[in-house]
>>> print(open('my_file_19.cif').read())   # mmCIF, C-alpha atoms
data_protein
#
loop_
_atom_site.label_atom_id
_atom_site.label_comp_id
_atom_site.auth_asym_id
_atom_site.auth_seq_id
_atom_site.Cartn_x
_atom_site.Cartn_y
_atom_site.Cartn_z
CA MET A 1 157.41 -89.29 12.77
CA ARG A 2 154.41 -88.38 14.86
CA PHE A 3 154.82 -84.77 13.69
CA VAL A 4 154.71 -85.91 10.06
CA ASN A 5 151.53 -87.86 10.77
CA LEU A 6 150.00 -84.79 12.34
CA LEU A 7 150.91 -82.73 9.29
CA GLY A 8 149.32 -85.34 7.05
CA MET A 9 146.14 -85.32 9.10
CA ALA A 10 146.02 -81.54 9.00
CA ALA A 11 146.41 -81.62 5.20
CA LEU A 12 143.65 -84.21 4.93
CA ALA A 13 141.38 -82.11 7.13
CA ALA A 14 142.04 -79.08 4.92
CA VAL A 15 141.21 -81.07 1.78
CA GLN A 16 137.97 -82.32 3.35
CA LEU A 17 137.09 -78.78 4.35
CA PHE A 18 137.31 -77.69 0.73
CA ALA A 19 135.48 -80.77 -0.47
CA GLN A 20 132.58 -79.79 1.80
CA ALA A 21 132.72 -76.22 0.60
CA GLN A 22 130.41 -76.96 -2.30
CA PRO A 23 128.29 -73.96 -3.17
CA PRO A 24 124.58 -73.80 -2.96
CA SER A 25 123.33 -74.36 -6.51
CA THR A 26 123.60 -71.21 -8.55
CA THR A 27 120.35 -69.34 -8.99
CA LEU A 28 121.14 -68.70 -12.66
CA LYS A 29 119.71 -71.02 -15.27
CA VAL A 30 120.54 -71.93 -18.84
CA GLY A 31 119.01 -69.26 -21.07
CA ASP A 32 119.44 -66.49 -18.47
CA ARG A 33 121.48 -63.39 -19.17
CA PRO A 34 124.60 -63.38 -16.95
CA PRO A 35 125.00 -60.41 -14.58
CA ASP A 36 127.42 -57.88 -16.07
CA PHE A 37 130.60 -56.96 -14.19
CA THR A 38 133.91 -55.14 -14.40
CA LEU A 39 136.80 -56.77 -12.50
CA PRO A 40 140.58 -56.27 -12.29
CA SER A 41 142.52 -58.73 -14.44
CA THR A 42 145.90 -60.43 -13.97
CA GLU A 43 146.72 -59.15 -17.47
CA GLY A 44 146.42 -55.55 -16.31
CA GLY A 45 143.47 -53.18 -16.32
CA THR A 46 139.93 -54.40 -15.93
CA VAL A 47 137.67 -56.75 -17.85
CA HIS A 48 134.11 -55.65 -18.60
CA LEU A 49 132.01 -58.70 -19.47
CA ALA A 50 129.77 -56.76 -21.87
CA ASP A 51 132.81 -55.95 -24.03
CA TYR A 52 133.19 -59.65 -24.87
CA ILE A 53 129.55 -60.68 -25.29
CA GLY A 54 128.61 -61.06 -28.94
CA LYS A 55 132.22 -61.33 -30.09
CA SER A 56 132.91 -64.87 -28.96
CA THR A 57 131.73 -67.55 -26.61
CA VAL A 58 132.76 -66.56 -23.08
CA VAL A 59 133.70 -69.04 -20.35
CA LEU A 60 133.54 -67.82 -16.75
CA ALA A 61 135.27 -70.32 -14.47
CA PHE A 62 134.72 -69.51 -10.80
CA PHE A 63 137.23 -71.28 -8.55
CA PRO A 64 137.55 -71.31 -4.74
CA ALA A 65 141.02 -69.88 -4.15
CA ALA A 66 144.46 -69.60 -5.70
CA PHE A 67 146.71 -72.58 -4.98
CA THR A 68 143.86 -75.05 -4.68
CA GLY A 69 143.52 -78.07 -6.94
CA GLY A 70 141.96 -78.11 -10.38
CA MET B 1 142.72 -73.99 -13.06
CA LYS B 2 145.35 -76.51 -14.07
CA ALA B 3 142.65 -78.55 -15.77
CA TYR B 4 141.54 -75.48 -17.68
CA GLN B 5 145.08 -74.76 -18.76
CA SER B 6 145.52 -78.31 -20.06
CA GLY B 7 142.20 -77.99 -21.85
CA MET B 8 142.94 -74.52 -23.21
CA GLN B 9 143.69 -75.81 -26.68
CA LYS B 10 140.14 -77.11 -26.93
CA PHE B 11 138.75 -73.79 -25.78
CA GLN B 12 140.96 -71.83 -28.14
CA GLU B 13 139.97 -74.02 -31.08
CA SER B 14 136.35 -73.15 -30.39
CA GLY B 15 137.23 -69.44 -30.27
CA ALA B 16 135.99 -69.10 -26.70
CA LYS B 17 137.38 -66.44 -24.38
CA VAL B 18 138.14 -67.93 -20.95
CA PHE B 19 138.28 -66.03 -17.66
CA GLY B 20 139.00 -67.53 -14.24
CA ILE B 21 137.32 -65.72 -11.34
CA SER B 22 138.10 -66.01 -7.62
CA THR B 23 137.86 -63.88 -4.50
CA ASP B 24 141.67 -63.68 -4.25
CA ASN B 25 143.35 -60.33 -4.78
CA THR B 26 145.18 -59.66 -8.03
CA PRO B 27 148.75 -60.17 -6.62
CA SER B 28 147.79 -63.67 -5.33
CA GLN B 29 146.18 -64.48 -8.66
CA LYS B 30 149.26 -63.28 -10.55
CA ALA B 31 151.49 -65.56 -8.47
CA PHE B 32 149.06 -68.43 -8.99
CA ALA B 33 148.82 -67.83 -12.76
CA ALA B 34 152.61 -67.67 -13.03
CA SER B 35 153.09 -70.88 -11.04
CA LEU B 36 150.75 -72.76 -13.38
CA GLY B 37 151.78 -70.93 -16.55
CA LEU B 38 148.17 -69.97 -17.25
CA SER B 39 147.53 -68.47 -20.69
CA PHE B 40 144.18 -66.94 -19.75
CA PRO B 41 143.44 -64.05 -17.37
CA LEU B 42 142.22 -64.39 -13.81
CA LEU B 43 139.75 -61.79 -12.55
CA SER B 44 139.70 -60.67 -8.93
CA ASP B 45 136.35 -60.48 -7.14
CA PHE B 46 138.23 -59.54 -3.97
CA LEU B 47 136.66 -56.23 -3.09
CA ASP B 48 133.13 -57.12 -2.02
CA ARG B 49 132.65 -60.51 -3.70
CA HIS B 50 129.69 -59.02 -5.54
CA VAL B 51 130.19 -61.02 -8.74
CA ALA B 52 130.31 -64.37 -6.93
CA LYS B 53 127.20 -63.28 -5.03
CA GLU B 54 125.33 -62.17 -8.15
CA TYR B 55 126.14 -65.45 -9.87
CA GLY B 56 124.95 -67.36 -6.81
CA VAL B 57 128.24 -69.17 -6.31
CA TYR B 58 129.41 -67.39 -3.14
CA ILE B 59 130.12 -69.49 -0.03
CA PRO B 60 129.76 -67.02 2.89
CA LYS B 61 131.25 -69.43 5.44
CA TYR B 62 134.59 -69.41 3.65
CA GLY B 63 134.38 -66.10 1.81
CA ILE B 64 135.16 -67.82 -1.47
CA ALA B 65 133.45 -68.79 -4.71
CA GLY B 66 132.38 -72.35 -5.39
CA ARG B 67 133.74 -74.15 -8.43
CA VAL B 68 131.12 -73.33 -11.04
CA THR B 69 131.68 -72.70 -14.74
CA PHE B 70 129.34 -70.72 -16.98
CA VAL B 71 129.47 -70.85 -20.77
CA ILE B 72 127.89 -67.77 -22.37
CA ASP B 73 126.93 -67.87 -26.05
CA LYS B 74 127.34 -65.06 -28.57
CA ASP B 75 123.76 -63.92 -27.96
CA GLY B 76 124.77 -63.21 -24.36
CA LYS B 77 122.77 -66.05 -22.85
CA ILE B 78 123.99 -68.76 -20.52
CA ASP B 79 124.33 -71.91 -22.61
CA TYR B 80 125.82 -74.27 -20.07
CA ILE B 81 126.49 -74.45 -16.31
CA GLU B 82 128.91 -76.93 -14.77
CA GLN B 83 129.14 -77.30 -11.00
CA GLY B 84 131.15 -79.08 -8.33
CA GLY B 85 133.22 -82.13 -9.24
CA ASP B 86 132.25 -81.87 -12.92
CA ALA B 87 133.52 -78.30 -13.16
CA ILE B 88 137.05 -79.33 -12.20
CA LYS B 89 137.26 -81.53 -15.30
CA MET B 90 135.68 -78.85 -17.48
CA LEU B 91 134.85 -81.42 -20.13
CA GLY B 92 131.26 -80.28 -20.36
CA ALA B 93 132.28 -76.64 -20.70
CA ALA B 94 134.72 -77.46 -23.51
CA ASP B 95 132.05 -79.54 -25.25
CA ALA B 96 129.58 -76.67 -24.93
CA CYS B 97 132.10 -74.28 -26.53
CA ASN B 98 132.69 -76.64 -29.41
CA ARG B 99 128.97 -77.15 -29.89
CA LEU B 100 128.48 -73.36 -30.02
CA ALA B 101 131.36 -73.01 -32.49
CA HIS B 102 129.79 -75.63 -34.76
CA ARG B 103 126.41 -73.98 -34.51
CA ALA B 104 127.97 -70.64 -35.50
CA ALA B 105 129.74 -72.29 -38.46
CA GLU B 106 126.46 -73.82 -39.70
CA HIS B 107 124.78 -70.44 -39.66
CA LYS B 108 127.45 -68.84 -41.82
#
>>> encode(input="my_file_19.cif", output="structure tokens")
Amino acid sequence: MRFVNLLGMAALAAVQLFAQAQPPSTTLKVGDRPPDFTLPSTEGGTVHLADYIGKSTVVLAFFPAAFTGG
Amino acid sequence: MKAYQSGMQKFQESGAKVFGISTDNTPSQKAFAASLGLSFPLLSDFLDRHVAKEYGVYIPKYGIAGRVTFVIDKDGKIDYIEQGGDAIKMLGAADACNRLAHRAAEHK
């Protein structure tokens, strides 16, 4: 039972760690041009941001790490 | 990312292209995407984290990106930025996409 409690506390601590891991506010502002990039994609190959600009609205969702909430 | 997946219909209706970006490597992201059944690609900023750094969302202490969402309009300008707790719900980002879609429709 005590072991389970310890596990729970460790999980809680991990969650709090991520909650505190809020980024410093981004330096980019509305109206700015986003920095271009080319990155490997889970759908194979790479994605070059500039290839998508002008064709549709683009949403870039930065997230902390795989297998975290959200 | 789960929230984005559940909101994907909204994004798709607005014609927006969605990319998730993290500092994980591609194999981890593939496993993650499969476990959640994501219908949008995840991009890996694993190598030197330069994209997270350039976007000002990098958290050096943990080597990861903060939860920040950027909506970029067709002119290639940032239209909307959602950070922290708000970004997880992605309501603002979906609204921004719909607003941009309506604006585009009016200009037709």
>>> atom_distance(input="my_file_19.cif", atom1="atom CA of Tyr52 of chain A", atom2="atom CA of Cys97 of chain B")
14.8 Å
>>> resolve_selection(input="my_file_19.cif", expression="the PyMOL selection byres ((chain B) within 8 of (chain A))", output="PyMOL selection string")
chain B and resi 1-4+15-24+26-30+32+41-45+51-52+54-59+62+64-81+83-84+88-89+93+97+100
>>> write_last_selection(input="my_file_19.cif", atoms="C-alpha atoms", output="compact mmCIF listing (two decimals), in the frame of the given file")
# COMPACT_ATOMS: atom_id res chain seq x y z
CA MET B 1 142.72 -73.99 -13.06
CA LYS B 2 145.35 -76.51 -14.07
CA ALA B 3 142.65 -78.55 -15.77
CA TYR B 4 141.54 -75.48 -17.68
CA GLY B 15 137.23 -69.44 -30.27
CA ALA B 16 135.99 -69.10 -26.70
CA LYS B 17 137.38 -66.44 -24.38
CA VAL B 18 138.14 -67.93 -20.95
CA PHE B 19 138.28 -66.03 -17.66
CA GLY B 20 139.00 -67.53 -14.24
CA ILE B 21 137.32 -65.72 -11.34
CA SER B 22 138.10 -66.01 -7.62
CA THR B 23 137.86 -63.88 -4.50
CA ASP B 24 141.67 -63.68 -4.25
CA THR B 26 145.18 -59.66 -8.03
CA PRO B 27 148.75 -60.17 -6.62
CA SER B 28 147.79 -63.67 -5.33
CA GLN B 29 146.18 -64.48 -8.66
CA LYS B 30 149.26 -63.28 -10.55
CA PHE B 32 149.06 -68.43 -8.99
CA PRO B 41 143.44 -64.05 -17.37
CA LEU B 42 142.22 -64.39 -13.81
CA LEU B 43 139.75 -61.79 -12.55
CA SER B 44 139.70 -60.67 -8.93
CA ASP B 45 136.35 -60.48 -7.14
CA VAL B 51 130.19 -61.02 -8.74
CA ALA B 52 130.31 -64.37 -6.93
CA GLU B 54 125.33 -62.17 -8.15
CA TYR B 55 126.14 -65.45 -9.87
CA GLY B 56 124.95 -67.36 -6.81
CA VAL B 57 128.24 -69.17 -6.31
CA TYR B 58 129.41 -67.39 -3.14
CA ILE B 59 130.12 -69.49 -0.03
CA TYR B 62 134.59 -69.41 3.65
CA ILE B 64 135.16 -67.82 -1.47
CA ALA B 65 133.45 -68.79 -4.71
CA GLY B 66 132.38 -72.35 -5.39
CA ARG B 67 133.74 -74.15 -8.43
CA VAL B 68 131.12 -73.33 -11.04
CA THR B 69 131.68 -72.70 -14.74
CA PHE B 70 129.34 -70.72 -16.98
CA VAL B 71 129.47 -70.85 -20.77
CA ILE B 72 127.89 -67.77 -22.37
CA ASP B 73 126.93 -67.87 -26.05
CA LYS B 74 127.34 -65.06 -28.57
CA ASP B 75 123.76 -63.92 -27.96
CA GLY B 76 124.77 -63.21 -24.36
CA LYS B 77 122.77 -66.05 -22.85
CA ILE B 78 123.99 -68.76 -20.52
CA ASP B 79 124.33 -71.91 -22.61
CA TYR B 80 125.82 -74.27 -20.07
CA ILE B 81 126.49 -74.45 -16.31
CA GLN B 83 129.14 -77.30 -11.00
CA GLY B 84 131.15 -79.08 -8.33
CA ILE B 88 137.05 -79.33 -12.20
CA LYS B 89 137.26 -81.53 -15.30
CA ALA B 93 132.28 -76.64 -20.70
CA CYS B 97 132.10 -74.28 -26.53
CA LEU B 100 128.48 -73.36 -30.02
>>> closest_residue(input="my_file_19.cif", among="B:Asn98, B:Gln9, B:Ser35, B:Asn25", to="Leu47 of chain B", atoms="only C-alpha atoms")
B:Asn25
>>> atom_distance(input="my_file_19.cif", atom1="atom CA of Gly92 of chain B", atom2="atom CA of Phe40 of chain B")
18.6 Å
>>> atom_distance(input="my_file_19.cif", atom1="atom CA of Ala101 of chain B", atom2="atom CA of Phe11 of chain B")
10.0 Å
>>> decode(input="my_file_19.cif", residues="segment 22-96 of chain B", atoms="C-alpha atoms", output="PDB file, in the first residue's frame")
ATOM      1  CA  SER B  22       7.899  18.439 -30.473  1.00  0.00           C
ATOM      2  CA  THR B  23      11.525  17.699 -29.663  1.00  0.00           C
ATOM      3  CA  ASP B  24      10.852  13.940 -29.686  1.00  0.00           C
ATOM      4  CA  ASN B  25      12.434  11.828 -32.404  1.00  0.00           C
ATOM      5  CA  THR B  26      10.289  10.554 -35.255  1.00  0.00           C
ATOM      6  CA  PRO B  27       9.937   6.936 -33.947  1.00  0.00           C
ATOM      7  CA  SER B  28       8.574   8.232 -30.594  1.00  0.00           C
ATOM      8  CA  GLN B  29       6.217  10.560 -32.427  1.00  0.00           C
ATOM      9  CA  LYS B  30       5.019   7.732 -34.669  1.00  0.00           C
ATOM     10  CA  ALA B  31       4.214   5.579 -31.631  1.00  0.00           C
ATOM     11  CA  PHE B  32       2.467   8.529 -29.996  1.00  0.00           C
ATOM     12  CA  ALA B  33       0.465   9.372 -33.143  1.00  0.00           C
ATOM     13  CA  ALA B  34      -0.578   5.731 -33.520  1.00  0.00           C
ATOM     14  CA  SER B  35      -1.643   5.455 -29.871  1.00  0.00           C
ATOM     15  CA  LEU B  36      -3.916   8.485 -30.234  1.00  0.00           C
ATOM     16  CA  GLY B  37      -4.987   7.773 -33.815  1.00  0.00           C
ATOM     17  CA  LEU B  38      -3.844  11.220 -34.928  1.00  0.00           C
ATOM     18  CA  SER B  39      -4.892  12.231 -38.435  1.00  0.00           C
ATOM     19  CA  PHE B  40      -2.330  15.021 -38.750  1.00  0.00           C
ATOM     20  CA  PRO B  41       1.466  14.775 -38.995  1.00  0.00           C
ATOM     21  CA  LEU B  42       3.894  15.346 -36.152  1.00  0.00           C
ATOM     22  CA  LEU B  43       7.196  17.037 -36.978  1.00  0.00           C
ATOM     23  CA  SER B  44      10.389  16.200 -35.121  1.00  0.00           C
ATOM     24  CA  ASP B  45      12.571  19.064 -33.890  1.00  0.00           C
ATOM     25  CA  PHE B  46      14.841  16.483 -32.270  1.00  0.00           C
ATOM     26  CA  LEU B  47      18.162  17.255 -33.875  1.00  0.00           C
ATOM     27  CA  ASP B  48      19.148  20.614 -32.431  1.00  0.00           C
ATOM     28  CA  ARG B  49      15.772  21.994 -31.310  1.00  0.00           C
ATOM     29  CA  HIS B  50      16.365  24.938 -33.619  1.00  0.00           C
ATOM     30  CA  VAL B  51      12.718  25.412 -34.580  1.00  0.00           C
ATOM     31  CA  ALA B  52      11.521  25.545 -30.956  1.00  0.00           C
ATOM     32  CA  LYS B  53      14.345  27.992 -30.272  1.00  0.00           C
ATOM     33  CA  GLU B  54      13.545  30.200 -33.269  1.00  0.00           C
ATOM     34  CA  TYR B  55       9.891  30.317 -32.283  1.00  0.00           C
ATOM     35  CA  GLY B  56      10.871  31.228 -28.722  1.00  0.00           C
ATOM     36  CA  VAL B  57       9.080  28.262 -27.177  1.00  0.00           C
ATOM     37  CA  TYR B  58      12.131  26.219 -26.115  1.00  0.00           C
ATOM     38  CA  ILE B  59      12.522  25.321 -22.430  1.00  0.00           C
ATOM     39  CA  PRO B  60      16.282  24.682 -21.997  1.00  0.00           C
ATOM     40  CA  LYS B  61      15.889  23.182 -18.512  1.00  0.00           C
ATOM     41  CA  TYR B  62      13.857  20.288 -19.885  1.00  0.00           C
ATOM     42  CA  GLY B  63      15.033  20.261 -23.496  1.00  0.00           C
ATOM     43  CA  ILE B  64      11.455  20.429 -24.710  1.00  0.00           C
ATOM     44  CA  ALA B  65       9.063  22.867 -26.364  1.00  0.00           C
ATOM     45  CA  GLY B  66       6.374  24.647 -24.395  1.00  0.00           C
ATOM     46  CA  ARG B  67       2.752  24.227 -25.391  1.00  0.00           C
ATOM     47  CA  VAL B  68       2.285  27.106 -27.803  1.00  0.00           C
ATOM     48  CA  THR B  69       0.131  27.159 -30.929  1.00  0.00           C
ATOM     49  CA  PHE B  70       0.659  29.495 -33.878  1.00  0.00           C
ATOM     50  CA  VAL B  71      -1.970  30.113 -36.542  1.00  0.00           C
ATOM     51  CA  ILE B  72      -0.461  31.402 -39.796  1.00  0.00           C
ATOM     52  CA  ASP B  73      -2.710  33.042 -42.379  1.00  0.00           C
ATOM     53  CA  LYS B  74      -2.500  32.633 -46.153  1.00  0.00           C
ATOM     54  CA  ASP B  75      -0.377  35.770 -46.429  1.00  0.00           C
ATOM     55  CA  GLY B  76       2.245  33.992 -44.312  1.00  0.00           C
ATOM     56  CA  LYS B  77       1.759  36.136 -41.237  1.00  0.00           C
ATOM     57  CA  ILE B  78       1.067  34.992 -37.702  1.00  0.00           C
ATOM     58  CA  ASP B  79      -2.616  35.614 -37.055  1.00  0.00           C
ATOM     59  CA  TYR B  80      -2.985  34.101 -33.614  1.00  0.00           C
ATOM     60  CA  ILE B  81      -0.802  32.774 -30.775  1.00  0.00           C
ATOM     61  CA  GLU B  82      -2.159  30.578 -27.999  1.00  0.00           C
ATOM     62  CA  GLN B  83       0.014  29.706 -25.007  1.00  0.00           C
ATOM     63  CA  GLY B  84       0.009  27.572 -21.876  1.00  0.00           C
ATOM     64  CA  GLY B  85      -3.276  26.285 -20.483  1.00  0.00           C
ATOM     65  CA  ASP B  86      -5.268  27.872 -23.318  1.00  0.00           C
ATOM     66  CA  ALA B  87      -3.242  26.058 -25.965  1.00  0.00           C
ATOM     67  CA  ILE B  88      -4.246  22.650 -24.624  1.00  0.00           C
ATOM     68  CA  LYS B  89      -7.895  23.417 -25.373  1.00  0.00           C
ATOM     69  CA  MET B  90      -7.037  24.885 -28.764  1.00  0.00           C
ATOM     70  CA  LEU B  91     -10.392  26.640 -28.911  1.00  0.00           C
ATOM     71  CA  GLY B  92      -8.815  29.955 -29.789  1.00  0.00           C
ATOM     72  CA  ALA B  93      -6.741  28.400 -32.562  1.00  0.00           C
ATOM     73  CA  ALA B  94      -9.802  26.713 -34.086  1.00  0.00           C
ATOM     74  CA  ASP B  95     -11.727  29.984 -33.865  1.00  0.00           C
ATOM     75  CA  ALA B  96      -8.857  31.815 -35.563  1.00  0.00           C
TER      76      ALA B  96
END
